[in-house]
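Notes for the one structure printed next.
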Amino acid sequence: MSFSTLLIANRGEIACRVIRTAHRLGYRTVAVYSDADAGAPHVRQADAAVRIGPAPAAESYLSVEALIAAARASGADAVHPGYGFLSERADFAEACAAAGLVFVGPSPAAIRAMGGKAEAKRLMLAAGVPCAPGYLGEAQDEATLRLEAERLGLPLLVKAVAGGGGRGMRLVRDWAEWPEALAGARREATSAFGNGTLMLERLVEQGRHIEVQVFGDAHGNVVHLGERDCTAQRRRQKVIEEAPSPVVGPALRERMGRDAVAAARAVGYVGAGTVEFIVDAAMNHFFLEMNTRLQVEHPVTECVTGLDLVEWQLRVAAGEPLPRAQDEIRLDGHAIELRLYAEDPAAGWVPQTGTVRGWRPARAEAFGVRVDHGISDGQVIGPHYDAMVAKYIAHGRTRADAVRQLVRALDQAPLLAPANNGRFLRELLQHPDFTAAAMTTARLDEWAAAGAPPVARTAPPEAAWRVAAALRANDVAGQRPASVRGFDLTLQCQGERRVLRAPVAGVAVRSWDGLDAVIALDGVERRVIALADGATLLLAWDAAVFAFDEASAWPDTAGAADPRELRAPVAGVVAQVAVQPGDRVAAGQPLVCVEAMKMEMWQSAAAAGTVAAVHVAQRDNVAAGARLVTLEIDT
């Protein structure tokens, strides 16, 4: 099973991550890219690169044929699937084997056994691994599912049996939610995984999501590398992960580790895998699923064990035994990972697109925080792939050490654009529920529903307005006659408009190189990160990035939404159209669903009226701001 050239069948930060270890071990690497990623960092870092198709994932990163052809063309003799895309597709592993390529992952049989959540739970029950009550039957008609749901009782989860990442999953707390939960889960599962089969699972209230990293080799050895706590989630997708879990003691760690190893042995597992559990308030753990691949959050396990999990993957794929036995694995300190998403937490986690501006991860790395990423200045973040663009990982002697390091990293190495969740992460790290390890998997969604901090939008503080005005005045001063000593600046940020007099009292710009500025603010010098982009100034302030627009010439009605026109919130794909011309609609009625970056976003009527025109159809690609539906508003 020896190999020398590794093709990474993925993109972004995980492709860069695999390339880094592969090069250290002496392997030649091959990147693949879609048209959207032609100049991406993973393409530049690899020894060779092959174009595999246009931007849509279905025509590039999900194309088995294109990836196998790329391996042949580049001389690759092994394939690392990363995570997401085809990493848990048994047919891809089989295609690699048929082409004579080493697949860096488990066998197709193991992937298939654990890829179907219902079948996986059956296997776990047989292996003695505890599972939450649910319905795993083959009958998928609505009447049967409703009957089984009533047997289980509310609240419950409707889940796709295929895939992961929170896709094809709906929570039902009230029977009025049942029809749409069933239809939505099936639609999303069919779109994402090509399989609309569903299962039901009793919801564990106030649960914590805790998973165990396992590794097996071809010699019959299986070990676990401790647990990760992934409880901080929005919409069933992870936001912060840490190792070890702050609520797991030695006894529970031993029990969960034993069950995770039993789960891996039940399918003859070889390679890296993760067994996910939900833990209730009484600290009982129940099997959720097994991810048959490397996880996004693997760096926290690397930090506390001192091991390189990609290296372990490559060694196991080459036929070597596991580098360490169970009694040789030790956990040291505490590690926390933050997922930086291009999304707006205050607007329902809506994905954001745009050009990367002012990204300097080396500033975080300079004081010990690891940043895994695959972006660079000038790169366009589009709607075609996941909204996660980077990860900050800190390892400290204590949990408090790691939190403190990450807060500083977010302050010193923010992503200026596109809009992202950096400030939200900073506030969450310091929230009493997080510091007390009192989070649940539903807590972020509860805060979002209530419009409560840290999900609520952060307004720029008074000092930020003054600094922005001073920087903007400094930027435009050269365009004014020297005789004009003072002038008014009209700035707008988050819908608020202010007129500030320049030069700004108490603020002086000592230096500014276009990104780093030194400001004297009320007698205290401080460094800030700011970037001028036309009439907009992007200013980082305590991990928040505020966009101050010079609005001096703007009319007060600028940007007012027209209730007659329903428009796409971001670039994406039309997932569903629920109306046709002539239909009567009520205010707030969902009309069109746009999918982008793994999220479905329903756009609703702003007022009651009649549908005058529908401008899109299901599966259409739409640009941000594109017209979806035109209404005749009732008068």
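So you can find residues: chains in the structure tokens are A, B, ... in the order shown, residues in each start at 1, and ligands are numbered from 1 in order.
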
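Residue neighbourhood of A:Pro418, excluding near-sequence residues (fewer than 4 positions): Tyr341, Ala342, Glu343, Asp344, Pro351, Gln352, Thr353, Gly354, Thr355, Val356, Arg357, Gly358, Val380, Ile381 and Val545 of chain A, at 10 Å, using only C-alpha atoms.
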
* Asked: Excluding same-chain residues fewer than 3 positions from stretch 439-445 of chain A, what lies within 7 Å of it counting only C-alpha atoms, as a PyMOL selection string?
  -> chain A and resi 206-209+231-235+433-434+448-449

File of the preceding selection, N, CA, C and O atoms, as a PDB file, in the first residue's frame:
ATOM      1  N   GLN A 206     -31.717  19.602  27.025  1.00  0.00           N
ATOM      2  CA  GLN A 206     -30.574  20.147  27.754  1.00  0.00           C
ATOM      3  C   GLN A 206     -29.330  19.273  27.555  1.00  0.00           C
ATOM      4  O   GLN A 206     -28.545  19.051  28.483  1.00  0.00           O
ATOM      5  N   GLY A 207     -29.178  18.773  26.320  1.00  0.00           N
ATOM      6  CA  GLY A 207     -28.080  17.860  26.055  1.00  0.00           C
ATOM      7  C   GLY A 207     -26.781  18.551  25.707  1.00  0.00           C
ATOM      8  O   GLY A 207     -26.751  19.721  25.314  1.00  0.00           O
ATOM      9  N   ARG A 208     -25.703  17.809  25.854  1.00  0.00           N
ATOM     10  CA  ARG A 208     -24.388  18.250  25.421  1.00  0.00           C
ATOM     11  C   ARG A 208     -23.901  17.287  24.343  1.00  0.00           C
ATOM     12  O   ARG A 208     -24.091  16.070  24.447  1.00  0.00           O
ATOM     13  N   HIS A 209     -23.263  17.856  23.314  1.00  0.00           N
ATOM     14  CA  HIS A 209     -22.735  17.058  22.209  1.00  0.00           C
ATOM     15  C   HIS A 209     -21.264  16.771  22.506  1.00  0.00           C
ATOM     16  O   HIS A 209     -20.424  17.673  22.475  1.00  0.00           O
ATOM     17  N   THR A 231     -20.678  21.265  22.100  1.00  0.00           N
ATOM     18  CA  THR A 231     -22.039  21.629  22.499  1.00  0.00           C
ATOM     19  C   THR A 231     -22.473  22.969  21.927  1.00  0.00           C
ATOM     20  O   THR A 231     -23.660  23.166  21.650  1.00  0.00           O
ATOM     21  N   ALA A 232     -21.558  23.909  21.768  1.00  0.00           N
ATOM     22  CA  ALA A 232     -21.916  25.234  21.255  1.00  0.00           C
ATOM     23  C   ALA A 232     -22.225  25.127  19.765  1.00  0.00           C
ATOM     24  O   ALA A 232     -21.321  25.055  18.936  1.00  0.00           O
ATOM     25  N   GLN A 233     -23.520  25.103  19.436  1.00  0.00           N
ATOM     26  CA  GLN A 233     -23.972  24.895  18.058  1.00  0.00           C
ATOM     27  C   GLN A 233     -25.081  25.877  17.723  1.00  0.00           C
ATOM     28  O   GLN A 233     -25.851  26.278  18.590  1.00  0.00           O
ATOM     29  N   ARG A 234     -25.178  26.252  16.455  1.00  0.00           N
ATOM     30  CA  ARG A 234     -26.358  26.959  15.968  1.00  0.00           C
ATOM     31  C   ARG A 234     -26.927  26.132  14.826  1.00  0.00           C
ATOM     32  O   ARG A 234     -26.195  25.646  13.967  1.00  0.00           O
ATOM     33  N   ARG A 235     -28.234  25.949  14.890  1.00  0.00           N
ATOM     34  CA  ARG A 235     -28.932  25.160  13.874  1.00  0.00           C
ATOM     35  C   ARG A 235     -28.274  23.798  13.661  1.00  0.00           C
ATOM     36  O   ARG A 235     -28.083  23.344  12.545  1.00  0.00           O
ATOM     37  N   ASP A 433     -22.488  31.471  30.535  1.00  0.00           N
ATOM     38  CA  ASP A 433     -22.899  30.090  30.261  1.00  0.00           C
ATOM     39  C   ASP A 433     -21.759  29.277  29.668  1.00  0.00           C
ATOM     40  O   ASP A 433     -21.650  28.072  29.926  1.00  0.00           O
ATOM     41  N   PHE A 434     -20.907  29.929  28.866  1.00  0.00           N
ATOM     42  CA  PHE A 434     -19.768  29.194  28.300  1.00  0.00           C
ATOM     43  C   PHE A 434     -18.677  29.010  29.346  1.00  0.00           C
ATOM     44  O   PHE A 434     -18.143  27.904  29.500  1.00  0.00           O
ATOM     45  N   ALA A 448     -30.833  33.361  19.846  1.00  0.00           N
ATOM     46  CA  ALA A 448     -31.167  33.982  18.564  1.00  0.00           C
ATOM     47  C   ALA A 448     -32.659  34.281  18.481  1.00  0.00           C
ATOM     48  O   ALA A 448     -33.070  35.347  18.000  1.00  0.00           O
ATOM     49  N   ALA A 449     -33.493  33.336  18.936  1.00  0.00           N
ATOM     50  CA  ALA A 449     -34.940  33.537  18.889  1.00  0.00           C
ATOM     51  C   ALA A 449     -35.372  34.713  19.760  1.00  0.00           C
ATOM     52  O   ALA A 449     -36.347  35.414  19.450  1.00  0.00           O
TER      53      ALA A 449
END

* Asked: Expressed in Å to a single decimal, how great is the separation between atom CA of A:Gly116 and atom CA of A:Lys159?
  ->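 Answer for the atom CA of A:Gly116 to atom CA of A:Lys159 separation: 10.8 Å.
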
* So which residues touch stretch 32-38 of chain A within 12 Å, counting only C-alpha atoms, skipping near sequence neighbours fewer than 3 positions away, as number ranges by chain? -> A: 6-12, 15-16, 19, 29, 41-63, 66-71, 73-74, 76, 79-81, 374-376, 378-385

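Between atom CA of A:Gly115 and atom CA of A:Arg293 lies a distance of 10.8 Å.
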
* To do: Please run DSSP on the backbone and report, as a list in words, all residues within stretch 11-41 of chain A that come out as alpha helix (DSSP H).
  => Gly12, Glu13, Ile14, Ala15, Cys16, Arg17, Val18, Ile19, Arg20, Thr21, Ala22, His23, Arg24 and Pro41 of chain A

* Asked: What is the distance between atom CA of A:Gln237 and atom CA of A:Ala606, in Å to one decimal?
  ->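 The value is 29.1 Å.
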
* **Shell of 12 Å around A:Arg498, only C-alpha atoms, local chain residues under 5 positions omitted, as an NGL selection string** => :A and (462 or 465-466 or 468-469 or 488-493 or 548-552 or 556)

Now that the selection is made, can you save its residues with N, CA and C atoms as an mmCIF file, in the first residue's frame?
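part_31.cif was written with the following content:
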data_model
loop_
_atom_site.group_PDB
_atom_site.id
_atom_site.type_symbol
_atom_site.label_atom_id
_atom_site.label_comp_id
_atom_site.auth_asym_id
_atom_site.auth_seq_id
_atom_site.Cartn_x
_atom_site.Cartn_y
_atom_site.Cartn_z
ATOM 1 N N GLU A 462 -19.129 54.689 20.939
ATOM 2 C CA GLU A 462 -18.878 56.101 20.638
ATOM 3 C C GLU A 462 -17.441 56.319 20.173
ATOM 4 N N TRP A 465 -16.894 55.519 16.483
ATOM 5 C CA TRP A 465 -17.361 56.584 15.585
ATOM 6 C C TRP A 465 -16.300 57.680 15.453
ATOM 7 N N ARG A 466 -15.724 58.076 16.571
ATOM 8 C CA ARG A 466 -14.741 59.158 16.553
ATOM 9 C C ARG A 466 -13.475 58.751 15.798
ATOM 10 N N ALA A 468 -13.264 56.387 13.497
ATOM 11 C CA ALA A 468 -13.608 56.259 12.076
ATOM 12 C C ALA A 468 -13.623 57.622 11.400
ATOM 13 N N ALA A 469 -14.190 58.616 12.068
ATOM 14 C CA ALA A 469 -14.228 59.963 11.490
ATOM 15 C C ALA A 469 -12.823 60.524 11.330
ATOM 16 N N ASP A 488 -17.310 69.051 7.884
ATOM 17 C CA ASP A 488 -18.212 68.028 8.425
ATOM 18 C C ASP A 488 -18.107 66.738 7.619
ATOM 19 N N LEU A 489 -18.165 65.634 8.337
ATOM 20 C CA LEU A 489 -18.228 64.313 7.718
ATOM 21 C C LEU A 489 -19.537 63.651 8.142
ATOM 22 N N THR A 490 -20.258 63.128 7.185
ATOM 23 C CA THR A 490 -21.468 62.374 7.493
ATOM 24 C C THR A 490 -21.164 60.899 7.312
ATOM 25 N N LEU A 491 -21.201 60.153 8.408
ATOM 26 C CA LEU A 491 -20.918 58.725 8.388
ATOM 27 C C LEU A 491 -22.178 57.928 8.708
ATOM 28 N N GLN A 492 -22.269 56.757 8.095
ATOM 29 C CA GLN A 492 -23.405 55.872 8.331
ATOM 30 C C GLN A 492 -22.884 54.483 8.643
ATOM 31 N N CYS A 493 -23.465 53.866 9.684
ATOM 32 C CA CYS A 493 -23.083 52.510 10.064
ATOM 33 C C CYS A 493 -24.287 51.815 10.692
ATOM 34 N N PHE A 548 -18.124 51.771 8.063
ATOM 35 C CA PHE A 548 -18.568 53.163 8.108
ATOM 36 C C PHE A 548 -18.568 53.719 6.695
ATOM 37 N N ASP A 549 -19.733 54.099 6.212
ATOM 38 C CA ASP A 549 -19.860 54.684 4.884
ATOM 39 C C ASP A 549 -19.907 56.196 4.992
ATOM 40 N N GLU A 550 -19.151 56.850 4.135
ATOM 41 C CA GLU A 550 -19.251 58.302 4.081
ATOM 42 C C GLU A 550 -20.511 58.650 3.296
ATOM 43 N N ALA A 551 -21.526 59.092 4.006
ATOM 44 C CA ALA A 551 -22.861 59.240 3.421
ATOM 45 C C ALA A 551 -23.240 60.693 3.215
ATOM 46 N N SER A 552 -22.269 61.586 3.119
ATOM 47 C CA SER A 552 -22.563 63.016 3.044
ATOM 48 C C SER A 552 -23.524 63.364 1.933
ATOM 49 N N ASP A 556 -31.763 60.585 2.502
ATOM 50 C CA ASP A 556 -32.176 59.859 3.696
ATOM 51 C C ASP A 556 -32.881 58.557 3.378
#

* To do: Pick out the closest residue to A:Thr197 from this set: A:Gln213, A:Gln603, A:Asn221, A:Gln140. Count only C-alpha atoms.
  =>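 Among A:Gln213, A:Gln603, A:Asn221, A:Gln140, it is A:Gln140 that comes nearest to A:Thr197.
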